[in-house]
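Asker: Quick one: the structure is below, questions incoming.
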Amino acid sequence: MAAPAQTLLLFGATGDLSRRMLLPSLFGLHADGLLPADLEIYGTARSEIDDDAFRKTAADALQSIVKDRDLAPDVLDRFLARVHYVAADASRPETLATLGEALGPRANAGLAIFLSTAPSLFESTIAGLEAAGLAGPQTRLALEKPLGHDLASSREINDAVARVFPEARTFRIDHYLGKETVQNLLALRFGNILFEPLWNASAIEHVEITVGETVGLEGRTSYFDGMGSLRDMVQNHMLQLLALVAMEAPAQFTATAVRDEKVKVLRSLRKLDAKESVIGQYVAGAVDGKPVPGYADELEKPSDTETFVALKAHVDNWRWQGVPFYLRTGKRLPRRTSEIVIQFRPVPHSMFAGKGAALQPNRLLISIQPEENISFTIMAKQPGLDRDGIRLREVPLDIRMANAFADVRRRIAYERLLLDLIEGDPTLFVRRDEVEAQWEWIDAIRAGWEANGMTPKTYPAGTWGPAAAIALTERDGVTWHE
Ligand code: BG6
């Protein structure tokens with residue numbers, strides 16, 4: 001593995017992601033002694049503020065996010081002492097020279113750069129980094145999504161990055177990969193003998209992946225309205241989940257082996273028939289008992305952007321032939337939930353049929369958030385003397401991660417990703433070929449919608465999307481898990 005970085009340079013340091021996720025994550029790592037002892041953190045953004053003002057911004061952000069008991073004043077002071085600020089305008093490459101001067105010899109002694117700025121600034125930022133001597137062979141570059149809005153724009157960004165940073169030093173973020181339960185999928189599948197022999201079309205009837213959110217636009221109007229749920233959520237997070245569920249067993253837990261297997265799945269996705277997708281947009285309704293406005297009201301203009309998408313995907317390879325992968329995600333749904341359901345097939349023959357007992361096929365439910373649980377339903381005999389026939393009932397085998405690992409602090413995804421970036425491990429970052437395979441599939445879906453003149457159907461906020469999303473699975477005899 002590469003040498004740990006000695007300097008972390010955060011672009012967009014005064015922005016929302018930095019305040020909500022990056023600074024609290026770095027603080028968490030610092031408080032647990034996990035950051036390299038000599039690591040210094042430089043924030044940069046356009047605001048002309050000094051170190052002290054940025055430290056105040058950081059302290060305020062930590063105070064509102066980190067729980068009080070974790071925020072010991074001496075630990076906070078030592079963290080803030082590591083933090084510096086240099087103003088630079090990423091749209092004007094020449095202004096990055098000041099960063100080069102501020103970092104001095106640190107520029108060539110293990111530098112990790114994190115761009116959480118608009119992608120439109122990536123090209124000029126990279127040019128500025130190069131000119132300022134901040135793109136040497138000891139530098140790694142992390143890029144926050146969105147990495148383009150289609151295949152062509154994603155390639156453009158990837159080309160601009162590749163001119164200066166080789167793939168091995170390019171870390172594309174999909175924060176879902178930093179989530180503990182997402183990584184736990186690998187442990188479940190490849191750390192147990194139980195599932196893998198059945199993990200294929202002969203035993204699995206279908207797979208469901210749901211990422212439901214209760215939030216609406218959250219002030220991100222111009223970004224979201226230009227993207228929609230397909231590009232905001234399916235292109236990245238949901239396809240990564242699908243790839244982890246569907247991939248072959250990597251031979252090692254290394255960046256190359258894991259990403260090689262994921263990309264094979266992404267390239268096996270069948271071109272989607274527009275009829276196998278449903279798009280929706282929320283209108284006024286109620287979430288958690290509170291009235292909320294519709295999407296167009298929040299936007300203050302009509303729009304054809306989808307805030308909900310449901311689709312039936314197929315992985316065209318030997319393992320998954322004939323197994324639908326139902327995906328759905330949306331804003332203003334009734335519950336915040338990310339989960340994967342693996343629905344197994346019925347047993348080939350029931351010896352209990354003559355005794356009146358009905359069997360339900362096994363189901364594995366992997367909940368990613370808000371709770372991390374794994375639940376496997378099995379058939380069990382209801383206790384009794386069976387004079388009127390045998391009764392069997394579904395019983396869950398439940399693993400509540402919070403109980404199983406009660407003494408372990410749950411970390412937010414960015415803690416893991418920032419530490420991996422600092423230490424130089426790209427396994428949980430997205431490789432260029434993956435991101436491009438994802439866009440290729442997504443672009444074809446959008447072209448299909450356009451060719452078919454598809455526009456979003458409405459759904460009241462606080463419901464599971466348009467009725468057509470229910471019909472999408474019901475016509476296969478499948479009911480979404482709720
Ligand atoms: C982001 C999307 O990538 O993921 C947001 O841009 C979405 O629209 C968010 O709300 C969801 O992340 P999480 O971790 O809350 O499920």
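Residues in the structure tokens are numbered from 1 in each chain, the chains being A, B, ... in the order shown, and ligands are numbered from 1 in the order shown.
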According to DSSP computed on the backbone, where in range 46-199 of chain A is there helix (DSSP H, G or I)? Give the residues as a ChimeraX atom specification.
Answerer: /A:51-65,68-70,73-81,93-108,119-131,151-162,167-169,175-178,180-190,196-198
Asker: Which parts of range 381-457 of chain A does DSSP call strand (DSSP E) when run on the backbone here, written out as a short mmCIF file (atom, residue, chain, number, x, y, z; two decimals) with N, CA, C and O atoms, in the first residue's frame?
Answerer:
```
data_model
loop_
_atom_site.label_atom_id
_atom_site.label_comp_id
_atom_site.auth_asym_id
_atom_site.auth_seq_id
_atom_site.Cartn_x
_atom_site.Cartn_y
_atom_site.Cartn_z
N LYS A 381 -41.85 -25.12 12.40
CA LYS A 381 -43.09 -25.78 12.81
C LYS A 381 -43.67 -25.07 14.02
O LYS A 381 -42.96 -24.78 14.98
N LEU A 392 -46.98 -24.70 9.74
CA LEU A 392 -45.63 -24.12 9.65
C LEU A 392 -45.78 -22.62 9.55
O LEU A 392 -46.75 -22.13 9.00
N ARG A 393 -44.81 -21.94 10.09
CA ARG A 393 -44.90 -20.47 10.08
C ARG A 393 -43.55 -19.87 9.74
O ARG A 393 -42.51 -20.43 10.08
N GLU A 394 -43.59 -18.71 9.09
CA GLU A 394 -42.35 -17.99 8.81
C GLU A 394 -41.80 -17.38 10.09
O GLU A 394 -42.53 -16.68 10.79
N VAL A 395 -40.53 -17.62 10.37
CA VAL A 395 -39.91 -17.02 11.56
C VAL A 395 -38.61 -16.35 11.10
O VAL A 395 -37.85 -16.94 10.34
N PRO A 396 -38.37 -15.12 11.55
CA PRO A 396 -37.12 -14.48 11.11
C PRO A 396 -35.93 -14.87 11.96
O PRO A 396 -36.03 -14.96 13.18
N LEU A 397 -34.82 -15.13 11.31
CA LEU A 397 -33.53 -15.20 12.01
C LEU A 397 -32.97 -13.79 11.89
O LEU A 397 -32.63 -13.36 10.79
N ASP A 398 -32.92 -13.08 13.00
CA ASP A 398 -32.57 -11.66 12.94
C ASP A 398 -31.18 -11.39 13.46
O ASP A 398 -30.84 -11.83 14.54
N ILE A 399 -30.43 -10.64 12.70
CA ILE A 399 -29.15 -10.16 13.23
C ILE A 399 -29.26 -8.65 13.30
O ILE A 399 -29.39 -7.99 12.25
N ARG A 400 -29.27 -8.11 14.48
CA ARG A 400 -29.28 -6.65 14.64
C ARG A 400 -27.84 -6.26 14.87
O ARG A 400 -27.26 -6.56 15.92
N LYS A 457 -45.21 10.42 -13.78
CA LYS A 457 -46.58 10.40 -13.25
C LYS A 457 -46.50 10.97 -11.84
O LYS A 457 -45.47 10.84 -11.17
#
```
Asker: Please provide the set of residues having any atom within 10 Å of Arg391 in chain A, restricted to only C-alpha atoms, with same-chain residues fewer than 5 positions apart removed, written as a list in words.
Answerer: Phe352, Lys355, Gly356, Ala357, Ala358, Leu359, Met379, Ala380, Lys381, Gln382, Pro383, Gly384, Leu385 and Asp386 of chain A
Asker: Could you list, as a PyMOL selection string, every residue within 12 Å of Glu276 in chain A, counting only C-alpha atoms and ignoring same-chain residues fewer than 4 positions away?
Answerer: chain A and resi 270-272+309-314+324-328+445+448-449+454+468-473+475-476
Asker: Could you write out the selected residues, including C-alpha atoms, as a PDB file, in the first residue's frame?
Answerer:
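Writing the result to part.pdb gives the following:
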```
ATOM      1  CA  ARG A 270     -29.411  -5.681 -20.284  1.00  0.00           C
ATOM      2  CA  LYS A 271     -30.518  -2.559 -22.126  1.00  0.00           C
ATOM      3  CA  LEU A 272     -33.713  -1.578 -20.353  1.00  0.00           C
ATOM      4  CA  VAL A 309     -37.910   5.841 -10.401  1.00  0.00           C
ATOM      5  CA  ALA A 310     -38.708   2.140 -10.345  1.00  0.00           C
ATOM      6  CA  LEU A 311     -37.294  -0.298 -12.841  1.00  0.00           C
ATOM      7  CA  LYS A 312     -36.808  -3.934 -13.618  1.00  0.00           C
ATOM      8  CA  ALA A 313     -33.215  -4.687 -14.498  1.00  0.00           C
ATOM      9  CA  HIS A 314     -31.649  -7.879 -15.772  1.00  0.00           C
ATOM     10  CA  PRO A 324     -35.321  -9.685 -12.224  1.00  0.00           C
ATOM     11  CA  PHE A 325     -33.617  -7.015 -10.139  1.00  0.00           C
ATOM     12  CA  TYR A 326     -36.329  -4.537  -9.129  1.00  0.00           C
ATOM     13  CA  LEU A 327     -34.880  -1.169  -8.201  1.00  0.00           C
ATOM     14  CA  ARG A 328     -36.749   1.787  -6.789  1.00  0.00           C
ATOM     15  CA  ILE A 445     -32.615   4.371 -20.286  1.00  0.00           C
ATOM     16  CA  GLY A 448     -35.701   5.152 -24.169  1.00  0.00           C
ATOM     17  CA  TRP A 449     -37.804   7.498 -22.042  1.00  0.00           C
ATOM     18  CA  MET A 454     -42.292   9.300 -21.045  1.00  0.00           C
ATOM     19  CA  ALA A 468     -47.652   2.090 -11.929  1.00  0.00           C
ATOM     20  CA  ALA A 469     -44.613   1.265  -9.762  1.00  0.00           C
ATOM     21  CA  ILE A 470     -46.718  -1.257  -7.907  1.00  0.00           C
ATOM     22  CA  ALA A 471     -48.061  -2.650 -11.168  1.00  0.00           C
ATOM     23  CA  LEU A 472     -44.465  -3.049 -12.429  1.00  0.00           C
ATOM     24  CA  THR A 473     -43.823  -5.865  -9.969  1.00  0.00           C
ATOM     25  CA  ARG A 475     -47.620  -8.226 -13.047  1.00  0.00           C
ATOM     26  CA  ASP A 476     -44.799 -10.629 -12.201  1.00  0.00           C
TER      27      ASP A 476
END
```
Asker: Mind giving me the straight-line distance from CA of His481 in chain A to CA of Ala353 in chain A in Å, one decimal?
Answerer: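 Distance reported for this atom pair: 26.1 Å.
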Asker: Here is a test: counting only C-alpha atoms, which residue of A:Met21, A:Gly15, A:Ala142, A:Val245 is nearest to Leu421 in chain A?
Answerer: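 Ranked by minimum distance to Leu421 in chain A, first place goes to A:Ala142.
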Asker: Can you tell me which residues surround Pro460 in chain A at a distance of at most 7 Å, considering only C-alpha atoms, apart from same-chain residues fewer than 2 positions away, and format the answer as a PyMOL selection string?
Answerer: chain A and resi 282-285+458+462-463
Asker: What is the CA of Ala402 in chain A to CA of Ile374 in chain A distance in Å?
Answerer: 11.0 Å
Asker: When distances are computed from only C-alpha atoms, which of A:Leu10, A:Ala37, A:Gly330, A:Ala257 shows the smallest separation from Val278 in chain A?
Answerer: A:Gly330
Asker: CA of Thr98 in chain A and CA of Leu9 in chain A, how far apart in Å?
Answerer: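 Computing it gives 12.9 Å between the two atoms.
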Asker: Excluding Leu96 in chain A and its own-chain neighbours fewer than 6 positions away, which residues fall within 9 Å of it when counting only C-alpha atoms? Please give them as JSON, numbers by chain.
Answerer: {"A": [87, 88, 89, 90, 125, 128, 129, 131, 132]}
Asker: Limited to N, CA and C atoms, could you put the picked residues into a file as a PDB file, in the first residue's frame?
Answerer:
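Wrote again_15.pdb, looks like this:
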```
ATOM      1  N   ALA A  87      -7.313  30.747   1.039  1.00  0.00           N
ATOM      2  CA  ALA A  87      -8.362  31.082   0.072  1.00  0.00           C
ATOM      3  C   ALA A  87      -7.840  30.873  -1.353  1.00  0.00           C
ATOM      4  N   ALA A  88      -8.669  30.298  -2.206  1.00  0.00           N
ATOM      5  CA  ALA A  88      -8.313  30.153  -3.623  1.00  0.00           C
ATOM      6  C   ALA A  88      -9.605  30.029  -4.414  1.00  0.00           C
ATOM      7  N   ASP A  89      -9.589  30.498  -5.637  1.00  0.00           N
ATOM      8  CA  ASP A  89     -10.774  30.445  -6.476  1.00  0.00           C
ATOM      9  C   ASP A  89     -10.557  29.357  -7.530  1.00  0.00           C
ATOM     10  N   ALA A  90     -11.248  28.239  -7.336  1.00  0.00           N
ATOM     11  CA  ALA A  90     -11.003  27.077  -8.203  1.00  0.00           C
ATOM     12  C   ALA A  90     -11.330  27.370  -9.670  1.00  0.00           C
ATOM     13  N   THR A 125      -9.571  23.358 -11.730  1.00  0.00           N
ATOM     14  CA  THR A 125      -8.866  23.047 -10.474  1.00  0.00           C
ATOM     15  C   THR A 125      -7.640  22.185 -10.770  1.00  0.00           C
ATOM     16  N   GLY A 128      -4.957  24.169 -12.269  1.00  0.00           N
ATOM     17  CA  GLY A 128      -4.332  24.997 -11.241  1.00  0.00           C
ATOM     18  C   GLY A 128      -3.425  24.179 -10.333  1.00  0.00           C
ATOM     19  N   LEU A 129      -3.867  22.968  -9.986  1.00  0.00           N
ATOM     20  CA  LEU A 129      -3.047  22.112  -9.111  1.00  0.00           C
ATOM     21  C   LEU A 129      -1.726  21.779  -9.785  1.00  0.00           C
ATOM     22  N   ALA A 131      -0.205  23.455 -12.197  1.00  0.00           N
ATOM     23  CA  ALA A 131       0.651  24.637 -12.320  1.00  0.00           C
ATOM     24  C   ALA A 131       1.274  25.008 -10.975  1.00  0.00           C
ATOM     25  N   ALA A 132       0.542  24.724  -9.879  1.00  0.00           N
ATOM     26  CA  ALA A 132       1.043  25.104  -8.544  1.00  0.00           C
ATOM     27  C   ALA A 132       1.976  24.043  -7.962  1.00  0.00           C
TER      28      ALA A 132
END
```
Asker: Using only C-alpha atoms, determine which residues lie at most 7 Å from range 68-82 of chain A, disregarding the query and same-chain residues fewer than 4 positions distant; provide the list as a list in words.
Answerer: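 Once the nearby chain positions are removed, what remains is Phe27, His30, Ala31, Glu40, Ile41 and Arg55 of chain A.
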Asker: Nearest to Thr117 in chain A: which of A:Leu186, A:Leu151, A:Ala13, A:Ile65 is it, counting only C-alpha atoms?
Answerer: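 The closest residue to Thr117 in chain A is A:Ala13.
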